[in-house]
$ cat my_file_36.txt   # compact mmCIF, C-alpha atoms and all ligand atoms
# COMPACT_ATOMS: atom_id res chain seq x y z
CA MET A 276 -128.12 40.28 99.15
CA LEU A 277 -127.57 42.73 101.98
CA SER A 278 -129.95 45.11 103.73
CA LYS A 279 -129.41 48.75 102.89
CA ALA A 280 -128.11 49.28 106.45
CA ASP A 281 -125.52 46.49 106.12
CA ASN A 282 -124.50 47.77 102.69
CA GLN A 283 -123.77 51.16 104.26
CA LEU A 284 -121.89 49.56 107.13
CA LEU A 285 -119.78 47.58 104.63
CA THR A 286 -118.99 50.43 102.26
CA GLN A 287 -118.54 53.58 104.38
CA THR A 288 -115.05 54.20 105.76
CA ASP A 289 -114.79 57.90 106.67
CA PRO A 290 -113.21 58.64 110.08
CA GLU A 291 -116.38 58.44 112.17
CA THR A 292 -117.86 55.32 110.56
CA PRO A 293 -117.59 51.86 112.19
CA MET A 294 -115.79 50.28 109.20
CA GLY A 295 -113.58 53.36 108.93
CA LYS A 296 -112.54 52.93 112.56
CA LEU A 297 -111.92 49.20 112.08
CA PHE A 298 -109.83 49.72 108.91
CA ARG A 299 -107.71 52.28 110.75
CA ARG A 300 -106.51 49.43 113.01
CA TYR A 301 -104.53 47.87 110.11
CA TRP A 302 -101.41 48.89 108.16
CA ILE A 303 -102.22 50.61 104.88
CA PRO A 304 -100.05 51.06 101.75
CA ALA A 305 -100.15 54.80 101.02
CA LEU A 306 -97.78 55.46 98.11
CA GLN A 307 -94.57 54.18 96.53
CA SER A 308 -91.25 55.26 98.01
CA HIS A 309 -89.97 56.59 94.68
CA GLU A 310 -92.86 59.08 94.51
CA LEU A 311 -91.19 61.10 97.27
CA VAL A 312 -87.82 62.83 96.88
CA SER A 313 -85.94 64.52 99.74
CA ASP A 314 -86.88 68.22 99.74
CA GLY A 315 -88.88 67.50 96.58
CA LYS A 316 -92.48 67.99 95.58
CA PRO A 317 -95.05 66.81 98.15
CA GLN A 318 -97.76 64.38 97.01
CA ARG A 319 -101.45 64.52 97.76
CA VAL A 320 -102.91 61.20 98.84
CA LYS A 321 -106.48 60.74 99.99
CA LEU A 322 -107.03 57.77 102.31
CA LEU A 323 -110.28 56.62 103.92
CA GLY A 324 -111.90 59.94 103.17
CA GLU A 325 -109.04 62.03 104.62
CA ASP A 326 -107.14 64.55 102.50
CA LEU A 327 -103.46 64.00 103.29
CA VAL A 328 -100.09 65.17 101.99
CA ALA A 329 -96.92 63.08 101.96
CA PHE A 330 -93.41 64.56 101.77
CA ARG A 331 -89.82 63.40 102.28
CA ASP A 332 -87.74 65.77 104.37
CA THR A 333 -84.07 66.73 104.09
CA GLU A 334 -83.00 63.69 106.12
CA GLY A 335 -85.14 61.28 104.08
CA LYS A 336 -87.89 60.88 106.67
CA VAL A 337 -91.43 60.61 105.31
CA GLY A 338 -94.27 62.68 106.73
CA LEU A 339 -97.94 61.91 106.11
CA ILE A 340 -99.90 64.92 107.30
CA ASP A 341 -103.24 66.66 107.08
CA GLU A 342 -103.43 68.60 103.83
CA ARG A 343 -104.94 71.64 105.61
CA CYS A 344 -102.67 74.03 107.47
CA PRO A 345 -103.88 74.39 111.07
CA HIS A 346 -103.52 78.20 110.85
CA ARG A 347 -106.30 78.98 108.38
CA GLY A 348 -106.56 75.94 106.17
CA THR A 349 -104.42 76.56 103.09
CA SER A 350 -103.29 73.37 101.35
CA LEU A 351 -99.82 72.30 102.45
CA TYR A 352 -99.42 70.47 99.14
CA TYR A 353 -98.40 73.85 97.70
CA GLY A 354 -95.90 74.44 100.53
CA ILE A 355 -92.12 74.63 100.55
CA ASN A 356 -90.37 71.38 101.48
CA ASP A 357 -86.87 72.15 102.77
CA GLY A 358 -84.80 72.36 105.94
CA CYS A 359 -86.42 69.31 107.56
CA GLY A 360 -90.01 70.39 107.24
CA ILE A 361 -92.80 71.72 105.09
CA ARG A 362 -93.67 75.42 105.17
CA CYS A 363 -97.14 76.74 104.33
CA MET A 364 -97.10 79.15 101.40
CA TYR A 365 -99.67 81.49 103.01
CA HIS A 366 -97.94 82.79 106.20
CA GLY A 367 -94.88 80.55 106.45
CA TRP A 368 -95.82 78.26 109.33
CA LYS A 369 -93.54 75.25 109.25
CA PHE A 370 -94.09 71.62 110.34
CA ASP A 371 -91.88 68.55 110.70
CA THR A 372 -92.77 64.99 109.63
CA ALA A 373 -94.33 64.27 113.04
CA GLY A 374 -96.68 67.25 112.69
CA ASN A 375 -94.87 69.46 115.22
CA CYS A 376 -94.99 73.14 114.42
CA THR A 377 -91.35 74.25 114.26
CA GLU A 378 -91.70 77.88 113.16
CA ILE A 379 -94.33 80.62 113.12
CA PRO A 380 -92.56 83.57 111.50
CA SER A 381 -95.78 85.59 111.36
CA GLU A 382 -95.96 85.89 115.19
CA PRO A 383 -93.65 88.27 117.12
CA THR A 384 -92.89 85.56 119.70
CA ASP A 385 -93.80 82.04 118.80
CA GLY A 386 -92.96 79.97 121.96
CA LYS A 387 -96.07 78.77 123.80
CA PHE A 388 -98.47 79.42 120.97
CA ARG A 389 -96.30 77.47 118.55
CA GLN A 390 -96.02 74.53 120.96
CA SER A 391 -99.80 74.39 121.25
CA ILE A 392 -100.17 73.86 117.49
CA LYS A 393 -100.23 70.26 116.28
CA LEU A 394 -100.80 69.19 112.72
CA LYS A 395 -102.44 65.78 112.23
CA SER A 396 -99.78 63.30 111.12
CA TYR A 397 -99.68 59.52 110.82
CA PRO A 398 -96.70 57.21 111.41
CA THR A 399 -95.09 55.74 108.30
CA LYS A 400 -92.84 52.80 107.55
CA GLU A 401 -91.06 52.06 104.26
CA VAL A 402 -90.98 48.39 103.31
CA SER A 403 -90.39 46.88 99.85
CA GLY A 404 -90.49 50.26 98.11
CA ILE A 405 -93.87 51.16 99.63
CA VAL A 406 -94.68 53.83 102.23
CA TRP A 407 -97.13 52.24 104.69
CA THR A 408 -99.12 54.04 107.31
CA TYR A 409 -101.16 53.33 110.39
CA MET A 410 -104.11 55.69 110.92
CA GLY A 411 -105.57 54.30 114.15
CA PRO A 412 -105.09 55.13 117.84
CA PRO A 413 -101.33 55.09 118.66
CA ASP A 414 -101.68 52.65 121.55
CA SER A 415 -103.49 50.09 119.35
CA GLN A 416 -100.89 49.85 116.58
CA PRO A 417 -100.57 46.19 115.47
CA ASP A 418 -97.38 44.43 114.35
CA PHE A 419 -96.38 45.35 110.83
CA PRO A 420 -97.68 42.61 108.47
CA GLU A 421 -94.83 40.65 106.87
CA PHE A 422 -96.28 39.43 103.58
CA TYR A 423 -94.52 36.64 101.70
CA TRP A 424 -93.45 38.81 98.74
CA MET A 425 -91.62 41.23 101.04
CA GLY A 426 -88.97 38.54 101.46
CA LEU A 427 -88.30 38.27 97.70
CA PRO A 428 -85.56 40.26 95.90
CA GLU A 429 -86.77 43.62 94.55
CA GLU A 430 -86.08 42.57 90.94
CA ASN A 431 -88.62 39.75 91.29
CA LYS A 432 -91.44 42.24 91.93
CA LEU A 433 -93.52 44.82 90.15
CA VAL A 434 -95.65 47.26 92.18
CA GLU A 435 -98.49 49.33 90.79
CA ARG A 436 -101.18 51.51 92.38
CA VAL A 437 -104.20 52.79 90.54
CA TRP A 438 -107.18 54.99 91.37
CA GLN A 439 -110.21 52.75 90.77
CA GLU A 440 -113.50 54.59 90.34
CA CYS A 441 -115.67 52.55 92.72
CA ASN A 442 -116.02 51.56 96.35
CA TYR A 443 -113.35 49.23 97.77
CA ALA A 444 -115.82 46.42 98.54
CA GLN A 445 -116.92 45.79 94.97
CA ALA A 446 -113.33 46.03 93.72
CA MET A 447 -112.34 43.42 96.31
CA GLU A 448 -115.35 41.19 95.64
CA ASN A 449 -114.15 40.90 92.06
CA ASP A 450 -110.87 39.43 93.33
CA LEU A 451 -112.69 36.70 95.24
CA ASP A 452 -114.81 35.75 92.25
CA PHE A 453 -113.31 32.62 90.63
CA VAL A 454 -115.96 32.39 87.95
CA HIS A 455 -115.54 35.83 86.36
CA ALA A 456 -112.19 34.77 84.87
CA ALA A 457 -113.98 32.28 82.60
CA PHE A 458 -116.03 35.08 81.04
CA LEU A 459 -114.59 38.55 81.62
CA HIS A 460 -110.98 37.44 81.04
CA LYS A 461 -111.55 34.80 78.38
CA ALA A 462 -109.52 35.04 75.19
CA HIS A 463 -111.14 33.22 72.30
CA GLY A 464 -107.94 31.59 71.10
CA THR A 465 -104.67 30.23 72.48
CA GLN A 466 -102.41 33.00 73.76
CA GLU A 467 -98.65 33.12 73.29
CA VAL A 468 -97.21 34.04 76.69
CA GLU A 469 -93.80 33.84 78.32
CA GLU A 470 -93.18 31.30 81.05
CA GLY A 471 -94.86 32.32 84.30
CA ILE A 472 -97.15 34.93 82.76
CA LEU A 473 -100.85 34.22 83.23
CA SER A 474 -102.28 35.94 80.17
CA SER A 475 -101.84 38.27 77.23
CA ASP A 476 -103.56 41.67 77.15
CA LEU A 477 -106.50 40.00 75.37
CA GLY A 478 -107.09 37.63 78.24
CA ILE A 479 -106.52 34.13 79.55
CA ASP A 480 -106.08 31.11 77.31
CA PRO A 481 -109.36 29.11 76.94
CA ASP A 482 -107.52 25.97 78.11
CA HIS A 483 -106.35 27.49 81.39
CA PRO A 484 -108.22 25.83 84.31
CA LEU A 485 -109.58 29.21 85.43
CA VAL A 486 -111.34 29.61 82.08
CA LYS A 487 -112.02 26.03 81.03
CA ASN A 488 -114.64 25.15 83.66
CA PRO A 489 -116.76 28.04 84.82
CA PRO A 490 -119.22 26.15 87.08
CA VAL A 491 -116.47 24.98 89.40
CA LYS A 492 -117.09 23.39 92.76
CA GLN A 493 -116.23 25.88 95.49
CA ALA A 494 -115.59 25.88 99.24
CA VAL A 495 -114.43 28.42 101.81
CA GLN A 496 -112.33 27.74 104.91
CA ASP A 497 -111.83 29.90 107.99
CA THR A 498 -108.12 30.54 108.57
CA ASN A 499 -105.93 32.59 110.90
CA PHE A 500 -105.57 35.28 108.21
CA GLY A 501 -109.21 35.41 107.07
CA LYS A 502 -110.65 33.11 104.40
CA ARG A 503 -109.20 30.53 102.04
CA CYS A 504 -111.45 30.12 99.00
CA ILE A 505 -111.09 26.87 97.03
CA ALA A 506 -112.26 25.94 93.55
CA VAL A 507 -112.11 22.57 91.84
CA GLY A 508 -112.26 22.45 88.06
CA ILE A 509 -111.71 19.79 85.44
CA GLY A 510 -108.05 19.63 84.41
CA THR A 511 -107.72 16.57 82.18
CA GLU A 512 -109.69 13.32 81.87
CA GLU A 513 -108.07 11.90 84.99
CA GLU A 514 -107.16 15.03 86.89
CA ASN A 515 -108.90 17.93 88.50
CA ALA A 516 -107.49 21.42 88.85
CA PHE A 517 -107.38 22.63 92.46
CA MET A 518 -107.18 26.41 92.90
CA GLU A 519 -107.26 28.87 95.79
CA ILE A 520 -107.79 32.55 96.56
CA HIS A 521 -106.74 34.02 99.90
CA TYR A 522 -108.64 36.83 101.55
CA ILE A 523 -106.54 38.40 104.27
CA PHE A 524 -108.60 40.47 106.65
CA PRO A 525 -109.60 43.21 106.09
CA PHE A 526 -108.52 44.37 102.57
CA TYR A 527 -105.67 42.27 101.17
CA THR A 528 -105.95 39.34 98.71
CA TYR A 529 -103.96 36.79 96.74
CA PRO A 530 -105.86 35.99 93.49
CA PRO A 531 -105.59 32.44 92.07
CA ARG A 532 -102.35 31.26 90.50
CA PHE A 533 -101.04 27.88 89.37
CA GLY A 534 -97.66 26.46 90.36
CA GLY A 535 -95.02 28.01 88.07
CA GLU A 536 -97.00 31.21 87.44
CA ASP A 537 -95.97 34.55 88.88
CA GLY A 538 -97.96 35.42 91.98
CA MET A 539 -100.12 38.42 92.67
CA TRP A 540 -101.08 40.30 95.83
CA HIS A 541 -103.67 43.04 96.05
CA ALA A 542 -104.77 45.63 98.58
CA PHE A 543 -108.02 47.57 98.23
CA ILE A 544 -107.67 50.78 100.21
CA PRO A 545 -110.66 53.10 100.24
CA ARG A 546 -109.69 56.50 98.85
CA ASP A 547 -113.15 57.65 99.79
CA ASP A 548 -116.49 55.82 99.61
CA HIS A 549 -116.60 56.21 95.82
CA SER A 550 -113.03 55.37 94.84
CA THR A 551 -110.27 52.95 95.80
CA TRP A 552 -106.48 52.75 95.72
CA THR A 553 -106.03 49.34 94.16
CA TRP A 554 -102.52 48.04 94.86
CA ASP A 555 -101.08 45.32 92.74
CA VAL A 556 -97.83 43.51 93.55
CA GLN A 557 -96.82 40.90 91.01
CA PHE A 558 -94.00 38.63 92.05
CA ALA A 559 -91.93 35.89 90.49
CA HIS A 560 -90.90 33.37 93.13
CA ASP A 561 -87.44 32.54 91.84
CA ARG A 562 -86.54 34.75 88.89
CA VAL A 563 -86.44 38.35 87.72
CA ILE A 564 -89.94 39.47 86.80
CA ASP A 565 -90.76 40.38 83.21
CA VAL A 566 -91.90 43.95 83.83
CA GLN A 567 -92.97 44.69 80.27
CA ALA A 568 -95.02 41.51 79.84
CA GLN A 569 -96.82 42.09 83.14
CA HIS A 570 -97.55 45.74 82.32
CA ASP A 571 -98.80 44.84 78.89
CA ARG A 572 -101.13 42.10 80.00
CA ARG A 573 -102.72 44.33 82.67
CA GLY A 574 -103.02 47.15 80.17
CA LEU A 575 -103.36 50.12 82.54
CA LYS A 576 -102.40 53.57 81.26
CA LEU A 577 -102.27 56.08 84.09
CA ASP A 578 -101.94 59.85 84.33
CA GLU A 579 -99.80 61.56 86.96
CA ASP A 580 -102.61 61.27 89.54
CA PHE A 581 -102.80 57.48 88.95
CA ARG A 582 -106.16 57.83 87.21
CA LYS A 583 -106.85 55.65 84.20
CA GLN A 584 -106.77 57.02 80.68
CA ILE A 585 -108.82 54.04 79.56
CA ASN A 586 -112.02 54.53 81.52
CA ALA A 587 -115.82 54.83 81.45
CA GLU A 588 -115.64 58.10 79.49
CA ASN A 589 -114.10 56.34 76.50
CA GLU A 590 -116.03 53.11 77.22
CA TYR A 591 -112.78 51.37 78.12
CA ASN A 592 -111.86 51.49 74.41
CA GLN A 593 -114.20 48.58 73.82
CA ASP A 594 -113.90 47.22 70.28
CA ARG A 595 -117.02 45.36 69.13
CA GLU A 596 -115.13 43.58 66.37
CA LEU A 597 -112.52 42.38 68.84
CA GLN A 598 -115.38 41.10 71.00
CA LYS A 599 -116.37 38.76 68.16
CA THR A 600 -112.91 37.63 67.19
CA GLY A 601 -110.48 38.19 70.07
CA ASN A 602 -112.00 37.99 73.51
CA PHE A 603 -115.19 38.01 75.55
CA THR A 604 -115.18 41.74 76.36
CA GLY A 605 -113.68 43.50 73.37
CA ILE A 606 -111.51 45.31 75.96
CA ARG A 607 -107.74 44.96 76.06
CA GLY A 608 -105.91 44.54 79.36
CA ILE A 609 -106.90 42.24 82.21
CA ALA A 610 -107.02 45.15 84.68
CA ASN A 611 -109.13 47.26 82.32
CA GLN A 612 -111.57 44.35 82.05
CA ASP A 613 -111.82 44.12 85.86
CA HIS A 614 -112.26 47.86 86.23
CA ALA A 615 -114.93 47.99 83.52
CA ALA A 616 -116.93 45.24 85.27
CA THR A 617 -116.76 46.83 88.71
CA GLU A 618 -117.01 50.52 87.82
CA THR A 619 -120.04 50.13 85.55
CA MET A 620 -122.02 48.90 88.59
CA GLY A 621 -122.03 52.49 89.85
CA THR A 622 -119.59 53.65 92.49
CA ILE A 623 -121.47 51.94 95.35
CA VAL A 624 -123.50 48.99 94.11
CA ASP A 625 -126.91 48.50 95.73
CA ARG A 626 -126.52 45.03 97.29
CA SER A 627 -130.19 44.99 98.39
CA ILE A 628 -131.31 44.25 94.81
CA GLU A 629 -128.65 41.77 93.64
CA HIS A 630 -129.19 38.03 93.04
CA LEU A 631 -126.29 35.98 94.36
CA GLY A 632 -125.86 32.39 93.16
CA THR A 633 -123.84 29.44 94.41
CA SER A 634 -120.85 30.71 92.44
CA ASP A 635 -120.71 33.79 94.69
CA LEU A 636 -119.79 31.77 97.80
CA PRO A 637 -116.43 33.47 98.54
CA ILE A 638 -118.03 36.91 98.28
CA ILE A 639 -120.73 35.90 100.75
CA HIS A 640 -118.03 34.76 103.19
CA MET A 641 -115.98 37.93 102.75
CA ARG A 642 -118.97 40.14 103.51
CA ARG A 643 -119.96 37.97 106.43
CA ILE A 644 -116.61 38.22 108.20
CA LEU A 645 -116.36 41.96 107.54
CA LEU A 646 -119.84 42.58 108.94
CA GLN A 647 -119.33 40.21 111.90
CA GLN A 648 -116.04 41.87 112.75
CA VAL A 649 -117.32 45.43 112.43
CA LYS A 650 -120.40 44.68 114.53
CA GLY A 651 -118.27 43.01 117.20
CA PHE A 652 -115.84 45.93 117.07
CA GLN A 653 -118.72 48.35 117.72
CA GLU A 654 -119.48 46.35 120.86
CA GLY A 655 -115.89 46.54 122.09
CA GLN A 656 -114.39 43.36 120.58
CA GLU A 657 -110.72 43.57 119.51
CA PRO A 658 -110.12 43.48 115.73
CA PHE A 659 -109.09 40.25 113.98
CA ALA A 660 -105.33 39.92 114.59
CA LEU A 661 -102.95 38.89 111.79
CA GLU A 662 -100.04 36.58 112.57
CA ASN A 663 -96.70 37.09 110.83
CA GLU A 664 -95.58 33.48 111.04
CA SER A 665 -98.62 32.71 108.91
CA LEU A 666 -98.35 35.67 106.50
CA LYS A 667 -94.67 35.04 105.72
CA THR A 668 -95.41 31.77 103.92
CA LEU A 669 -98.79 32.61 102.40
CA TYR A 670 -99.47 32.96 98.67
CA SER A 671 -101.93 31.40 96.21
CA ASP A 672 -101.03 28.12 94.60
CA GLY A 673 -102.76 25.66 92.29
CA LEU A 674 -102.18 22.07 91.23
CA TYR A 675 -103.54 19.13 89.24
CA ASP A 676 -104.31 15.88 91.03
CA ASP A 677 -106.33 12.70 90.71
CA ASN A 678 -110.01 13.52 90.15
CA GLN A 679 -111.01 10.79 92.60
CA LYS A 680 -109.58 12.87 95.43
CA THR A 681 -111.54 15.45 97.38
CA TRP A 682 -110.05 18.93 97.66
CA GLN A 683 -109.36 18.19 101.32
CA GLN A 684 -107.15 15.27 100.22
CA ALA A 685 -105.49 16.89 97.22
CA PHE A 686 -105.15 20.44 98.44
CA PRO A 687 -105.43 20.62 102.24
CA LEU A 688 -104.91 23.75 104.31
CA LYS A 689 -101.34 23.98 105.54
CA GLU A 690 -100.99 23.66 109.28
CA GLN A 691 -99.59 27.15 109.81
CA PHE A 692 -102.84 28.72 108.56
CA ASP A 693 -105.11 26.84 110.93
CA LEU A 694 -107.55 29.21 112.62
CA LYS A 695 -106.72 27.74 116.02
CA ARG A 696 -103.23 29.21 115.72
CA GLN A 697 -104.54 32.78 115.72
CA PRO A 698 -103.04 34.57 118.72
CA VAL A 699 -105.48 36.06 121.17
CA LYS A 700 -104.57 39.69 121.91
CA GLN A 701 -105.06 40.79 125.47
S1 LIG A 801 -102.77 79.24 106.44
FE1 LIG A 801 -100.89 78.22 106.61
S2 LIG A 801 -99.58 79.67 107.52
FE2 LIG A 801 -101.48 80.68 107.40
FE FE A 802 -110.30 39.70 87.15
$ encode --input "my_file_36.txt" --output "structure tokens" --more "lines below"
Ligand code: FES
Ligand SMILES: [Fe+2]
Amino acid sequence: MLSKADNQLLTQTDPETPMGKLFRRYWIPALQSHELVSDGKPQRVKLLGEDLVAFRDTEGKVGLIDERCPHRGTSLYYGINDGCGIRCMYHGWKFDTAGNCTEIPSEPTDGKFRQSIKLKSYPTKEVSGIVWTYMGPPDSQPDFPEFYWMGLPEENKLVERVWQECNYAQAMENDLDFVHAAFLHKAHGTQEVEEGILSSDLGIDPDHPLVKNPPVKQAVQDTNFGKRCIAVGIGTEEENAFMEIHYIFPFYTYPPRFGGEDGMWHAFIPRDDHSTWTWDVQFAHDRVIDVQAQHDRRGLKLDEDFRKQINAENEYNQDRELQKTGNFTGIRGIANQDHAATETMGTIVDRSIEHLGTSDLPIIHMRRILLQQVKGFQEGQEPFALENESLKTLYSDGLYDDNQKTWQQAFPLKEQFDLKRQPVKQ
């Protein structure tokens, strides 16, 4: 449970809010590289409550700029992208990717006046087929985060972004919730899946350790990337199943996976306070990923704005017969199941009236570090710094081991993630 004031602090990320300012101190995935073509159609992308437009210029450079033209506010999304810049359709003012005004054809002489015009623009960086941006003060830009999957061959990965119709915090809380898999994602019968694939579109096999033992023992560790959440379930008569979820401050996660299964990384980027860009990178460690199987099991069908066609309006295509015979929800697609659970709370859930249990431990820790950090940040403390030597080797793993062992013995934290190794920024 949170006070109403803390719930606001947690969930509001517009430019002038404390959490909004803190989030702007981290690198953010904005859109996929292939969405932008040189001199092609610009794309609208709203981030942290700001209406932005992305375009790729003649030389291939990506601009991420304010949607509103600084002259009189017409949307630059409708502008003309050619000759190394984007030109407003209203009076022809033109801007480069850095937001410099390069032409004002509507003025008789455009020298000094033109130089005084600056369009808001954010720096971008293209890594692993994703355009990333940094929206904070230029002199506070952190190192670019080098996540483990960035080092894998492109054919081992599948990247997806989707417009989720709720606040980022409840979308992310769902990722840190071990226990929901045993209900929301439970398939009633054994599922035929290819090697490395966690589930079918119906859900996860009832014998999978994530589903088999819902009241698992849980623990949370402080690490130099954020939180490591651990769950211990019953594997066999002699063995326990040891699982982990990583929460990387402030909005990235690795959901639980067992050794041999394809991995998954998420980012939950506020679009505004009522919607989220949920990024999903699935990665096979040492083989080409099965794109079709992964798409099918997640089950998302998106329109050209990345909104879901299976949504609250059509009740997520819930099938009551399927709910009796096929799976726990009657909804097909693991991602649709997650979205149905989090969106039907309302776009910003009222955390002052919830009832958290012991199974919600990782969520309590996630909120705690976010609120501690944002309150410290308001008092002048530097944001939590991420360390690339740690991020490069981090992903979620899971294993079976002797049930006489504690999780600390069977599944200890690797040395490189020890909190004491976090660099102190001056
Ligand atoms: S409003 Fe854009 S050029 Fe006038
Ligand atoms: Fe889920």
$ residues_near_ligand --input "my_file_36.txt" --ligand "ligand LIG 801 (chain A)" --cutoff "7 Å" --atoms "all atoms listed in the file" --output "PyMOL selection string"
chain A and resi 344-349+363-368
$ closest_residue --input "my_file_36.txt" --among "A:Val486, A:Val320, A:Leu297, A:Ala516" --to "Phe453 of chain A" --atoms "only C-alpha atoms"
A:Val486
$ residues_near_ligand --input "my_file_36.txt" --ligand "ligand FE 802 (chain A)" --cutoff "9 Å" --atoms "all atoms listed in the file" --output "PyMOL selection string"
chain A and resi 449-453+455-456+459-460+530+609-610+612-614+616
$ atom_distance --input "my_file_36.txt" --atom1 "atom CA of Arg319 of chain A" --atom2 "atom CA of Thr408 of chain A"
14.4 Å
$ closest_residue --input "my_file_36.txt" --among "A:Phe526, A:Phe370, A:Phe533, A:Phe422" --to "Glu470 of chain A" --atoms "all atoms listed in the file"
A:Phe533
$ residues_around --input "my_file_36.txt" --residues "Glu429 of chain A" --least-positions-apart "3" --cutoff "10 Å" --atoms "only C-alpha atoms" --output "number ranges by chain"
A: 403-404, 424-426, 432-434, 558, 563-564
$ decode --input "my_file_36.txt" --residues "segment 389-440 of chain A" --atoms "C-alpha atoms" --output "compact mmCIF listing (two decimals), in the first residue's frame"
# COMPACT_ATOMS: atom_id res chain seq x y z
CA ARG A 389 16.93 32.42 -37.86
CA GLN A 390 19.94 31.83 -35.61
CA SER A 391 17.85 32.76 -32.58
CA ILE A 392 15.35 29.99 -33.32
CA LYS A 393 16.02 26.62 -31.70
CA LEU A 394 13.75 23.63 -31.92
CA LYS A 395 13.84 21.22 -28.96
CA SER A 396 15.79 18.12 -29.97
CA TYR A 397 17.23 15.18 -28.06
CA PRO A 398 20.43 13.25 -28.83
CA THR A 399 19.97 9.78 -30.31
CA LYS A 400 22.10 6.67 -30.64
CA GLU A 401 21.32 3.58 -32.73
CA VAL A 402 22.27 0.30 -31.08
CA SER A 403 20.96 -3.20 -31.89
CA GLY A 404 18.32 -1.89 -34.30
CA ILE A 405 16.87 0.50 -31.72
CA VAL A 406 16.99 4.32 -31.68
CA TRP A 407 17.78 5.34 -28.10
CA THR A 408 17.54 8.81 -26.67
CA TYR A 409 18.63 10.78 -23.66
CA MET A 410 16.17 13.49 -22.55
CA GLY A 411 18.01 14.93 -19.55
CA PRO A 412 20.42 17.86 -19.08
CA PRO A 413 23.29 17.54 -21.62
CA ASP A 414 26.02 17.76 -18.99
CA SER A 415 24.52 14.88 -16.97
CA GLN A 416 24.38 12.30 -19.77
CA PRO A 417 25.38 8.87 -18.37
CA ASP A 418 27.34 6.16 -20.19
CA PHE A 419 25.23 4.27 -22.69
CA PRO A 420 24.00 1.04 -21.01
CA GLU A 421 25.51 -2.05 -22.64
CA PHE A 422 22.95 -4.77 -22.02
CA TYR A 423 23.95 -8.42 -22.45
CA TRP A 424 21.73 -9.05 -25.49
CA MET A 425 23.37 -6.20 -27.41
CA GLY A 426 26.41 -8.44 -27.78
CA LEU A 427 24.44 -11.27 -29.45
CA PRO A 428 24.09 -11.64 -33.25
CA GLU A 429 21.04 -9.84 -34.68
CA GLU A 430 19.50 -13.13 -35.87
CA ASN A 431 19.35 -14.35 -32.26
CA LYS A 432 17.00 -11.52 -31.30
CA LEU A 433 13.44 -10.38 -31.78
CA VAL A 434 12.46 -6.81 -30.82
CA GLU A 435 8.91 -5.60 -30.31
CA ARG A 436 7.39 -2.40 -28.93
CA VAL A 437 3.77 -2.02 -28.01
CA TRP A 438 1.56 0.77 -26.68
CA GLN A 439 0.23 -0.56 -23.36
CA GLU A 440 -2.85 1.22 -22.04
